[in-house]
Structure formats: C-alpha cells, structure tokens
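> Below you'll find input.txt; it's compact mmCIF, C-alpha atoms.
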```txt
# COMPACT_ATOMS: atom_id res chain seq x y z
CA MET Y 1342 0.00 0.00 0.00
CA THR Y 1343 1.33 3.44 -0.93
CA ALA Y 1344 1.80 6.25 1.61
CA PHE Y 1345 -1.10 8.08 -0.06
CA ALA Y 1346 -3.36 5.06 0.36
CA ARG Y 1347 -2.39 4.70 4.03
CA LEU Y 1348 -3.25 8.36 4.56
CA LEU Y 1349 -6.71 7.91 3.03
CA ARG Y 1350 -7.48 4.54 4.61
CA PRO Y 1351 -9.43 5.87 7.67
CA ALA Y 1352 -11.98 7.40 5.30
CA SER Y 1353 -12.53 4.22 3.32
CA ALA Y 1354 -14.82 2.39 5.76
CA PRO Y 1355 -17.58 5.06 5.87
CA ILE Y 1356 -17.45 5.42 2.09
CA ARG Y 1357 -17.83 1.66 1.69
CA ARG Y 1358 -20.84 1.71 4.03
CA TRP Y 1359 -22.31 4.64 2.08
CA VAL Y 1360 -22.06 2.77 -1.22
CA LEU Y 1361 -23.43 -0.52 0.13
CA THR Y 1362 -26.35 1.32 1.74
CA ALA Y 1363 -27.24 3.23 -1.41
CA PHE Y 1364 -26.61 0.25 -3.70
CA PRO Y 1365 -26.90 -2.93 -1.61
CA ARG Y 1366 -25.80 -6.24 -3.03
CA PRO Y 1367 -28.69 -8.47 -4.20
CA PRO Y 1368 -29.95 -11.01 -1.66
CA SER Y 1369 -28.81 -14.62 -1.78
CA GLY Y 1370 -29.80 -16.24 -5.03
CA GLY Y 1371 -28.38 -13.38 -7.04
CA ILE Y 1372 -25.56 -13.60 -9.55
CA ASP Y 1373 -22.38 -15.40 -8.50
CA TYR Y 1374 -19.63 -13.25 -9.99
CA GLU Y 1375 -16.87 -15.66 -8.93
CA HIS Y 1376 -18.15 -18.76 -10.73
CA PRO Y 1377 -17.90 -20.57 -13.05
CA ALA Y 1378 -14.15 -20.23 -13.19
CA GLY Y 1379 -12.78 -18.95 -16.47
CA ASP Y 1380 -16.06 -17.61 -17.87
CA PRO Y 1381 -15.28 -14.13 -19.31
CA GLY Y 1382 -18.89 -13.02 -19.66
CA LEU Y 1383 -19.88 -10.79 -22.55
CA PHE Y 1384 -16.73 -8.64 -22.43
CA GLY Y 1385 -13.90 -10.13 -20.39
CA PRO Y 1386 -10.81 -8.65 -18.74
CA SER Y 1387 -9.20 -7.50 -21.99
CA SER Y 1388 -12.09 -5.13 -22.71
CA VAL Y 1389 -12.22 -1.37 -22.26
CA THR Y 1390 -15.72 -1.83 -20.82
CA TRP Y 1391 -14.45 -3.67 -17.72
CA ARG Y 1392 -12.23 -0.68 -16.99
CA VAL Y 1393 -14.71 2.12 -17.63
CA HIS Y 1394 -17.47 0.42 -15.64
CA SER Y 1395 -15.21 -0.21 -12.65
CA GLU Y 1396 -15.09 3.53 -11.81
CA PHE Y 1397 -17.85 4.11 -9.25
CA CYS Y 1398 -17.87 7.91 -9.30
CA GLY Y 1399 -17.91 8.00 -13.08
CA MET Y 1400 -20.68 5.43 -13.30
CA LEU Y 1401 -23.00 6.99 -10.70
CA SER Y 1402 -22.56 10.53 -12.01
CA GLY Y 1403 -22.85 9.18 -15.56
CA GLY Y 1404 -26.05 7.34 -14.71
CA LEU Y 1405 -27.57 10.54 -13.35
CA CYS Y 1406 -26.42 12.44 -16.43
CA ALA Y 1407 -28.15 9.81 -18.58
CA LEU Y 1408 -31.39 10.41 -16.65
CA TYR Y 1409 -31.17 14.11 -17.52
CA LEU Y 1410 -30.72 13.20 -21.20
CA GLN Y 1411 -33.50 10.62 -21.24
CA LEU Y 1412 -36.10 13.04 -19.90
CA LEU Y 1413 -35.55 15.11 -23.06
CA HIS Y 1414 -36.79 12.32 -25.34
CA PRO Y 1415 -40.62 12.35 -25.38
CA ARG Y 1416 -41.07 8.64 -26.09
CA ALA Y 1417 -38.36 7.49 -23.65
CA LEU Y 1418 -39.91 9.71 -21.00
CA ALA Y 1419 -43.41 8.44 -21.75
CA GLY Y 1420 -42.40 4.89 -20.88
CA VAL Y 1421 -41.14 6.03 -17.49
CA TRP Y 1422 -44.20 8.26 -16.98
CA ASP Y 1423 -46.76 5.57 -17.80
CA HIS Y 1424 -45.12 2.38 -16.57
CA SER Y 1425 -43.14 3.18 -13.42
CA ASN Y 1426 -43.66 4.62 -9.95
CA PHE Y 1427 -40.78 7.04 -10.45
CA ARG Y 1428 -42.30 9.58 -8.05
CA GLU Y 1429 -42.07 7.14 -5.14
CA ASP Y 1430 -39.15 4.94 -6.19
CA LEU Y 1431 -36.65 6.76 -8.37
CA VAL Y 1432 -33.87 5.26 -6.23
CA GLY Y 1433 -35.20 1.80 -7.07
CA ARG Y 1434 -35.12 2.61 -10.77
CA LEU Y 1435 -31.52 3.81 -10.45
CA ARG Y 1436 -30.59 0.63 -8.59
CA ARG Y 1437 -32.21 -1.58 -11.24
CA THR Y 1438 -30.33 0.22 -14.01
CA THR Y 1439 -27.11 -0.14 -12.02
CA HIS Y 1440 -27.75 -3.87 -11.59
CA PHE Y 1441 -28.45 -4.34 -15.29
CA VAL Y 1442 -25.30 -2.52 -16.40
CA GLY Y 1443 -23.19 -4.34 -13.81
CA ALA Y 1444 -24.58 -7.75 -14.72
CA THR Y 1445 -24.24 -7.35 -18.47
CA THR Y 1446 -20.69 -6.07 -17.96
CA TYR Y 1447 -19.28 -8.54 -15.44
CA ALA Y 1448 -21.61 -11.50 -14.92
CA PRO Y 1449 -20.87 -14.95 -16.32
CA THR Y 1450 -22.21 -15.37 -19.85
CA ARG Y 1451 -25.37 -17.27 -18.99
CA ASP Y 1452 -26.40 -14.78 -16.31
CA ALA Y 1453 -25.70 -11.79 -18.56
CA GLN Y 1454 -27.77 -13.29 -21.36
CA ALA Y 1455 -30.59 -14.13 -18.95
CA MET Y 1456 -30.61 -10.52 -17.76
CA ILE Y 1457 -30.93 -9.27 -21.33
CA GLU Y 1458 -33.78 -11.68 -22.06
CA ARG Y 1459 -35.58 -10.61 -18.89
CA VAL Y 1460 -35.38 -6.95 -19.90
CA ARG Y 1461 -36.53 -7.78 -23.44
CA THR Y 1462 -39.61 -9.43 -21.96
CA ILE Y 1463 -40.35 -6.37 -19.82
CA HIS Y 1464 -39.87 -4.05 -22.80
CA GLY Y 1465 -42.44 -6.02 -24.76
CA GLN Y 1466 -45.10 -4.99 -22.23
CA VAL Y 1467 -44.25 -1.26 -22.17
CA ARG Y 1468 -46.20 0.71 -24.75
CA GLY Y 1469 -48.56 3.63 -24.96
CA VAL Y 1470 -48.88 7.20 -26.26
CA ASP Y 1471 -46.45 10.02 -25.53
CA GLU Y 1472 -47.21 13.61 -24.47
CA ALA Y 1473 -47.79 14.65 -28.09
CA GLY Y 1474 -50.15 11.73 -28.76
CA LEU Y 1475 -47.63 9.65 -30.70
CA PRO Y 1476 -47.42 5.89 -30.02
CA TYR Y 1477 -44.33 4.39 -28.39
CA SER Y 1478 -43.08 0.97 -27.33
CA ALA Y 1479 -40.04 0.20 -25.20
CA ASP Y 1480 -38.87 -2.42 -27.70
CA ASP Y 1481 -38.77 0.11 -30.55
CA PRO Y 1482 -35.25 -0.34 -32.02
CA ASP Y 1483 -34.74 3.41 -32.48
CA LEU Y 1484 -35.83 4.16 -28.92
CA LEU Y 1485 -33.49 1.48 -27.58
CA THR Y 1486 -30.63 3.09 -29.50
CA TRP Y 1487 -31.33 6.48 -27.91
CA VAL Y 1488 -31.45 5.03 -24.38
CA HIS Y 1489 -28.18 3.18 -25.01
CA VAL Y 1490 -26.40 6.22 -26.45
CA SER Y 1491 -27.56 8.46 -23.61
CA GLU Y 1492 -26.14 5.99 -21.10
CA MET Y 1493 -22.86 5.06 -22.77
CA SER Y 1494 -22.00 8.64 -23.71
CA SER Y 1495 -22.64 9.63 -20.08
CA PHE Y 1496 -20.58 6.78 -18.62
CA LEU Y 1497 -17.73 7.69 -20.94
CA ALA Y 1498 -18.00 11.34 -19.91
CA GLY Y 1499 -18.09 10.25 -16.26
CA TYR Y 1500 -14.89 8.27 -16.61
CA ARG Y 1501 -13.18 11.16 -18.38
CA ALA Y 1502 -14.20 13.54 -15.59
CA TYR Y 1503 -13.64 11.37 -12.50
CA GLY Y 1504 -11.61 8.34 -13.60
CA PRO Y 1505 -7.90 7.80 -12.93
CA MET Y 1506 -6.75 7.59 -16.56
CA THR Y 1507 -6.91 9.84 -19.60
CA VAL Y 1508 -9.12 8.31 -22.30
CA PRO Y 1509 -7.40 8.30 -25.71
CA ALA Y 1510 -9.59 8.58 -28.79
CA HIS Y 1511 -9.05 4.95 -29.82
CA VAL Y 1512 -10.06 3.76 -26.32
CA ALA Y 1513 -13.28 5.79 -26.45
CA ASP Y 1514 -14.06 4.28 -29.85
CA ALA Y 1515 -13.35 0.78 -28.55
CA TYR Y 1516 -15.70 1.35 -25.60
CA LEU Y 1517 -18.59 2.35 -27.85
CA ASP Y 1518 -17.87 -0.50 -30.25
CA GLU Y 1519 -17.85 -3.04 -27.40
CA THR Y 1520 -20.92 -1.86 -25.52
CA ARG Y 1521 -23.21 -1.69 -28.53
CA ARG Y 1522 -23.44 -5.50 -28.46
CA VAL Y 1523 -25.73 -5.21 -25.40
CA ALA Y 1524 -27.97 -2.66 -27.12
CA GLU Y 1525 -28.13 -4.85 -30.22
CA ALA Y 1526 -29.00 -7.89 -28.10
CA LEU Y 1527 -31.90 -5.87 -26.66
CA GLY Y 1528 -33.09 -5.07 -30.19
CA ALA Y 1529 -31.48 -1.70 -30.96
CA ARG Y 1530 -30.34 -0.95 -34.50
CA ASP Y 1531 -27.80 1.33 -36.16
CA VAL Y 1532 -26.00 1.67 -32.82
CA PRO Y 1533 -22.99 4.01 -33.01
CA GLY Y 1534 -19.66 2.20 -32.65
CA SER Y 1535 -17.34 5.20 -32.46
CA VAL Y 1536 -17.32 8.74 -31.10
CA ALA Y 1537 -17.72 10.18 -34.60
CA ASP Y 1538 -20.72 7.92 -35.25
CA MET Y 1539 -22.20 8.85 -31.88
CA ASP Y 1540 -21.84 12.58 -32.55
CA ALA Y 1541 -23.51 12.16 -35.94
CA TYR Y 1542 -26.32 10.14 -34.37
CA ILE Y 1543 -26.97 12.75 -31.67
CA ALA Y 1544 -27.01 15.53 -34.28
CA LYS Y 1545 -29.72 13.58 -36.14
CA VAL Y 1546 -31.84 13.00 -33.01
CA LEU Y 1547 -31.40 16.47 -31.52
CA PRO Y 1548 -34.33 18.16 -33.36
CA SER Y 1549 -36.75 15.67 -31.80
CA LEU Y 1550 -35.68 16.34 -28.18
CA VAL Y 1551 -37.97 18.47 -26.03
CA PHE Y 1552 -37.96 19.89 -22.51
CA GLY Y 1553 -41.69 19.63 -21.92
CA GLU Y 1554 -43.99 19.70 -18.92
CA ARG Y 1555 -43.38 16.03 -18.12
CA SER Y 1556 -39.65 16.68 -18.29
CA ARG Y 1557 -40.01 19.44 -15.71
CA VAL Y 1558 -41.95 17.16 -13.36
CA VAL Y 1559 -39.40 14.34 -13.57
CA LEU Y 1560 -36.53 16.80 -13.17
CA GLU Y 1561 -38.11 18.10 -9.96
CA VAL Y 1562 -38.48 14.53 -8.66
CA LEU Y 1563 -34.84 13.92 -9.52
CA ARG Y 1564 -33.80 17.03 -7.62
CA GLN Y 1565 -35.59 15.69 -4.53
CA LEU Y 1566 -34.02 12.22 -4.83
CA ASP Y 1567 -33.98 10.64 -1.35
CA LEU Y 1568 -30.90 8.46 -1.01
CA PRO Y 1569 -31.12 6.15 2.03
CA VAL Y 1570 -27.66 7.17 3.26
CA PRO Y 1571 -26.12 9.50 5.86
CA MET Y 1572 -26.19 13.17 4.82
CA ALA Y 1573 -28.62 12.24 2.05
CA GLY Y 1574 -29.19 15.79 0.85
CA LEU Y 1575 -25.49 16.56 0.59
CA SER Y 1576 -24.79 13.24 -1.17
CA ARG Y 1577 -27.66 13.78 -3.58
CA ASP Y 1578 -26.65 17.30 -4.46
CA LEU Y 1579 -23.00 16.38 -4.95
CA PHE Y 1580 -23.73 13.54 -7.37
CA LEU Y 1581 -26.63 15.27 -9.12
CA HIS Y 1582 -24.54 18.36 -9.82
CA ALA Y 1583 -21.51 16.23 -10.71
CA GLY Y 1584 -23.73 14.34 -13.15
CA ALA Y 1585 -25.09 17.58 -14.58
CA ALA Y 1586 -21.49 18.73 -15.06
CA LEU Y 1587 -21.17 15.96 -17.67
CA LEU Y 1588 -24.00 17.29 -19.83
CA PRO Y 1589 -23.02 18.43 -23.30
CA ASP Y 1590 -23.71 22.10 -24.02
CA TRP Y 1591 -26.76 21.36 -26.18
CA ALA Y 1592 -28.38 19.39 -23.33
CA ALA Y 1593 -27.62 22.06 -20.71
CA SER Y 1594 -29.23 24.60 -23.01
CA LEU Y 1595 -32.35 22.47 -23.59
CA LEU Y 1596 -32.67 21.87 -19.84
CA GLN Y 1597 -32.56 25.65 -19.31
CA ARG Y 1598 -29.80 25.42 -16.74
CA SER Y 1599 -29.13 28.75 -15.06
CA ASP Y 1600 -25.77 30.38 -14.36
CA ASN Y 1601 -26.19 29.29 -10.74
CA ASP Y 1602 -26.81 25.68 -11.86
CA LEU Y 1603 -23.65 25.79 -13.95
CA ARG Y 1604 -21.60 27.17 -11.04
CA LYS Y 1605 -22.85 24.39 -8.75
CA ALA Y 1606 -21.97 21.82 -11.40
CA ARG Y 1607 -18.40 23.13 -11.70
CA LEU Y 1608 -17.99 23.05 -7.92
CA ALA Y 1609 -19.39 19.52 -7.68
CA ARG Y 1610 -17.15 18.34 -10.50
CA GLY Y 1611 -14.06 19.57 -8.68
CA THR Y 1612 -15.23 18.12 -5.36
CA LEU Y 1613 -16.03 14.68 -6.76
CA ARG Y 1614 -12.80 14.63 -8.74
CA GLY Y 1615 -10.97 15.14 -5.45
CA MET Y 1616 -13.01 12.44 -3.68
CA ALA Y 1617 -12.74 9.79 -6.40
CA PRO Y 1618 -9.48 8.29 -5.05
CA LEU Y 1619 -11.24 7.70 -1.72
CA PHE Y 1620 -13.97 5.72 -3.46
CA ARG Y 1621 -11.39 3.67 -5.40
CA LEU Y 1622 -9.54 2.88 -2.17
CA ALA Y 1623 -12.75 1.93 -0.34
CA LEU Y 1624 -14.35 -0.27 -3.03
CA THR Y 1625 -11.96 -3.20 -3.19
CA GLU Y 1626 -14.50 -6.04 -3.28
CA GLY Y 1627 -16.85 -4.94 -6.04
CA ILE Y 1628 -18.13 -7.11 -8.85
CA ASP Y 1629 -15.22 -5.99 -11.02
CA VAL Y 1630 -12.70 -7.44 -8.54
CA ARG Y 1631 -14.74 -10.61 -7.99
CA SER Y 1632 -15.03 -11.10 -11.76
CA CYS Y 1633 -11.27 -10.74 -12.13
CA ARG Y 1634 -10.92 -13.59 -9.63
CA ARG Y 1635 -13.36 -15.66 -11.69
CA VAL Y 1636 -11.14 -15.43 -14.77
CA GLY Y 1637 -7.87 -15.65 -12.83
CA VAL Y 1638 -6.43 -12.19 -13.46
CA ASP Y 1639 -5.02 -9.52 -11.18
CA PRO Y 1640 -7.60 -6.73 -10.63
CA GLY Y 1641 -4.70 -4.30 -11.00
CA LEU Y 1642 -4.94 -4.74 -14.75
CA LEU Y 1643 -8.09 -2.58 -14.67
CA SER Y 1644 -5.88 0.42 -13.89
CA HIS Y 1645 -4.29 0.20 -17.35
CA TRP Y 1646 -5.91 0.34 -20.78
CA PRO Y 1647 -5.68 -2.93 -22.75
CA THR Y 1648 -2.93 -3.05 -25.35
```
Translate this file's structure into structure tokens.


Amino acid sequence: MTAFARLLRPASAPIRRWVLTAFPRPPSGGIDYEHPAGDPGLFGPSSVTWRVHSEFCGMLSGGLCALYLQLLHPRALAGVWDHSNFREDLVGRLRRTTHFVGATTYAPTRDAQAMIERVRTIHGQVRGVDEAGLPYSADDPDLLTWVHVSEMSSFLAGYRAYGPMTVPAHVADAYLDETRRVAEALGARDVPGSVADMDAYIAKVLPSLVFGERSRVVLEVLRQLDLPVPMAGLSRDLFLHAGAALLPDWAASLLQRSDNDLRKARLARGTLRGMAPLFRLALTEGIDVRSCRRVGVDPGLLSHWPT
C-alpha cells in the first residue's frame, strides 16, 4: 500500500458503508460473480468496458447524467411516466439500471444473457402514447438506441471527468464498439460504434428532443431524490450536480440550466474529482474485482488500458 493510500485509509470504511447502503448487493440467489471459473462473460478482462465500468464515481454521475438526457426524449420519457412509480421509487429505478449494467458487464455469460432476455420481456409490455399523442413501445429499435447512447455517452464522460486515466480517442471508440453489443441484443439498430458515429447520431436526433412539462416534473423529482444514506441531501446534491457537469452544451441549453446551476456543477465536479481516489480505495470487493478472480487475473490490470 502506498503512503497516499495509508493516509486515506481511515476514510474508506464510511465510504464503503455509504455505497453498500445506497446500492446494496442483491440477496442470496443473485448472480455469482466468482463462478464458473474462467467464464469471461460478454466482455472479459481485456475489454475497455471492464475498466470504464469499474469507476464508481464516473458510473453513478454518468447514470444521473443519462437520466437528464433521457427526460428530453418524449417517447423514452413516456415509458417512465406511464409504466413506473418514479415519483415514489426513483432510487429503485436507479438501482435496477445499475444492476443491469453491472450484470451485463461482469456476470458470467449465462447470467448476462438471462438478464438481457428478462429486460426484453419487460420491454415487450411497455407501450402507450407520448405527451404529443404519438405511439411508443419500449422495444422500438430506435428508442433502444437512444437510451443506449444516452447511457454510454454519459458513462464515458463520467470516466473522463472522475476516472484515474486519460481516455485516448481509440479507447473511447473501442468502448462504444464493445458496448453496442448489449444494445443490439436488446433489439437496438444502427447503434454508433465510435465517437464520430455517436456525434452524428446525436445531431440527427437532436431536433426531436424536447424539454416539456413532463420533463419538468421528472426533473423536480430527480432534484428531490432521497438516497437512504447518511447526509442524504449533501450526497444527492454532490452527485446530481456532478452528473449535470457531464451534460453536453446542447443538453444544458435544452434543460434551461441557469448560471447558478452551472456554477454548482463546476464546484461539484471539482469536489467529486478530489473524492474519487477515496472511493477507489474503499471499493476493493466490487463485482469488477470478484469477476477478475473468476477469470484468474489480477484486478490491478483494470488500472491500465488494454494493449
């Protein structure tokens, strides 16, 4: 252990408790990330995805950023509006998304595929009419592509902001190329596989994005998110503003973020950037580490990009 790590060690236990309270491990009967031995899952230890998704601060802030982006898409928002109890259980929705991303990233192959099939089944039951009276269905390939892009672009931005390594252009491209296999397995089509493709895709979708009345309601619910952790308000505000700091300029403009909002986001970004090493030191038994044991590799390899 380095001198820096020894200095930070006293703070690691409360951070670990914070994370496990906000995002508890599934009860017994959940996924066994340490067996069967040798199973690489959908990505494996040589992937960029294993590295990007191992960064807790980047993933949580990125997940919140993705929620901001998704409430701008009328049909994506309609599915949440009509088919979830987001007003009472937004934390539960965030936990379920976290579990899905974690499982499809690190779980053994059979478990990852079963998770995808379970979500496909749920999507088949989610349909209705959006705020403008247009029909939607959660298994619409184009809608699935938007949800995927909003998430992966946000996770990538989260890693760039709060992760320990600079992300070269070819690594960012590899990440998008790898992760689109999950979106395609869910039924998405024309999924961007590079940053250039993603930028072109967003430019094409941008005219259809709207900050409507439903968006305002969900945004207010998000701002009141009640995390079941100590200092819940402070924790919520830090991560919400750190997630908002990841928003591209076009999204911040659509969301009508004020100068005060932007100042809070800059402050949160700097604060979380400074705290990120504490989270990395505290979270030494996550599913990324357990999955490394499953395939017989040193978890330290996640601190270097694959060659």

> One decimal, Å: what's the distance from atom CA of Ala1417 of chain Y over to atom CA of Ala1479 of chain Y, could you say?

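Computing the Euclidean distance for atom CA of Ala1417 of chain Y and atom CA of Ala1479 of chain Y yields 7.6 Å.
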
> Please measure the separation of atom CA of Tyr1409 of chain Y and atom CA of Leu1596 of chain Y, giving the value in Å to one decimal.

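Interatomic distance here is 8.2 Å.
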
> Kindly indicate which residue among Y:Asp1430, Y:Asp1480, Y:Asp1380, Y:Glu1472 lies nearest to Asp1567 of chain Y, using only C-alpha atoms for the distances.

Y:Asp1430

> Counting all atoms listed in the file, which residues sit no farther than 9 Å from the position (-33.1, -0.9, -39.0) in the file's frame? I'd like them as a ChimeraX atom specification.

/Y:1482-1483,1529-1531

> Please identify every residue of segment 1357-1475 of chain Y that has at least one atom no farther than 7 Å from an atom of segment 1627-1641 of chain Y, counting all atoms listed in the file, and for each give the shortest atom pair and the distance in Å to one decimal, arranged by chain then increasing number, as a Markdown table.


```
| residue | atom | partner | partner_atom | distance |
| --- | --- | --- | --- | --- |
| Y:Tyr1374 | CA | Y:Ser1632 | CA | 5.4 |
| Y:Glu1375 | CA | Y:Arg1635 | CA | 4.5 |
| Y:His1376 | CA | Y:Arg1635 | CA | 5.8 |
| Y:Pro1377 | CA | Y:Arg1635 | CA | 6.8 |
| Y:Ala1378 | CA | Y:Arg1635 | CA | 4.9 |
| Y:Gly1379 | CA | Y:Val1636 | CA | 4.2 |
| Y:Asp1380 | CA | Y:Val1636 | CA | 6.2 |
| Y:Pro1381 | CA | Y:Val1636 | CA | 6.3 |
| Y:Pro1386 | CA | Y:Cys1633 | CA | 6.9 |
| Y:Ser1395 | CA | Y:Asp1629 | CA | 6.0 |
| Y:Tyr1447 | CA | Y:Ser1632 | CA | 6.2 |
```

> Could you give me, as a list in words, the residues within 9 Å of Ala1419 of chain Y, counting all atoms listed in the file and dropping anything in the same chain fewer than 2 positions from it?

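My list of contacting residues is Leu1412, His1414, Pro1415, Arg1416, Ala1417, Val1421, Trp1422, Asp1423, His1424, Arg1468, Gly1469, Val1470, Asp1471, Glu1472, Tyr1477 and Arg1555 of chain Y.
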
> Which residue gives the smallest distance to Arg1610 of chain Y among Y:Ser1402, Y:Thr1390, Y:Asn1426, Y:Thr1520, with all atoms listed in the file counted?

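Looking only at the distances to Arg1610 of chain Y, the closest residue turns out to be Y:Ser1402.
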
> Point out the residue among Y:Val1546, Y:Leu1579, Y:Val1532, Y:Leu1613 with the least atom-to-atom distance to Tyr1500 of chain Y, counting only C-alpha atoms.

Y:Leu1613

> Please measure the separation of atom CA of Pro1647 of chain Y and atom CA of Ser1388 of chain Y, giving the value in Å to one decimal.

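Value for the atom CA of Pro1647 of chain Y-atom CA of Ser1388 of chain Y distance: 6.8 Å.
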
> Show me, as AutoDock Vina command-line options, the centre and edge lengths in Å to one decimal of the axis-aligned box that covers every listed atom of segment 1544-1551 of chain Y with 3 Å on each side.


```
--center_x -32.5 --center_y 15.7 --center_z -31.1 --size_x 17.0 --size_y 11.5 --size_z 16.1
```

> So that I can check the surroundings of Val1559 of chain Y, please list as a PyMOL selection string every protein, DNA and RNA residue that reaches within 9 Å of it, counting only C-alpha atoms and ignoring chain neighbours fewer than 2 positions away.

chain Y and resi 1412+1418+1422+1427-1428+1554-1557+1561-1564

> Smallest atom-to-atom distance to Glu1396 of chain Y: which of Y:Val1523, Y:Leu1497, Y:Ala1515, Y:Leu1547, using only C-alpha atoms?

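Between Y:Val1523, Y:Leu1497, Y:Ala1515, Y:Leu1547, the residue approaching Glu1396 of chain Y most closely is Y:Leu1497.
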
> May I ask which of the residues Y:Leu1595, Y:Ala1453, Y:Ala1526, Y:Val1512 is the closest one to Trp1646 of chain Y, counting all atoms listed in the file?

Y:Val1512
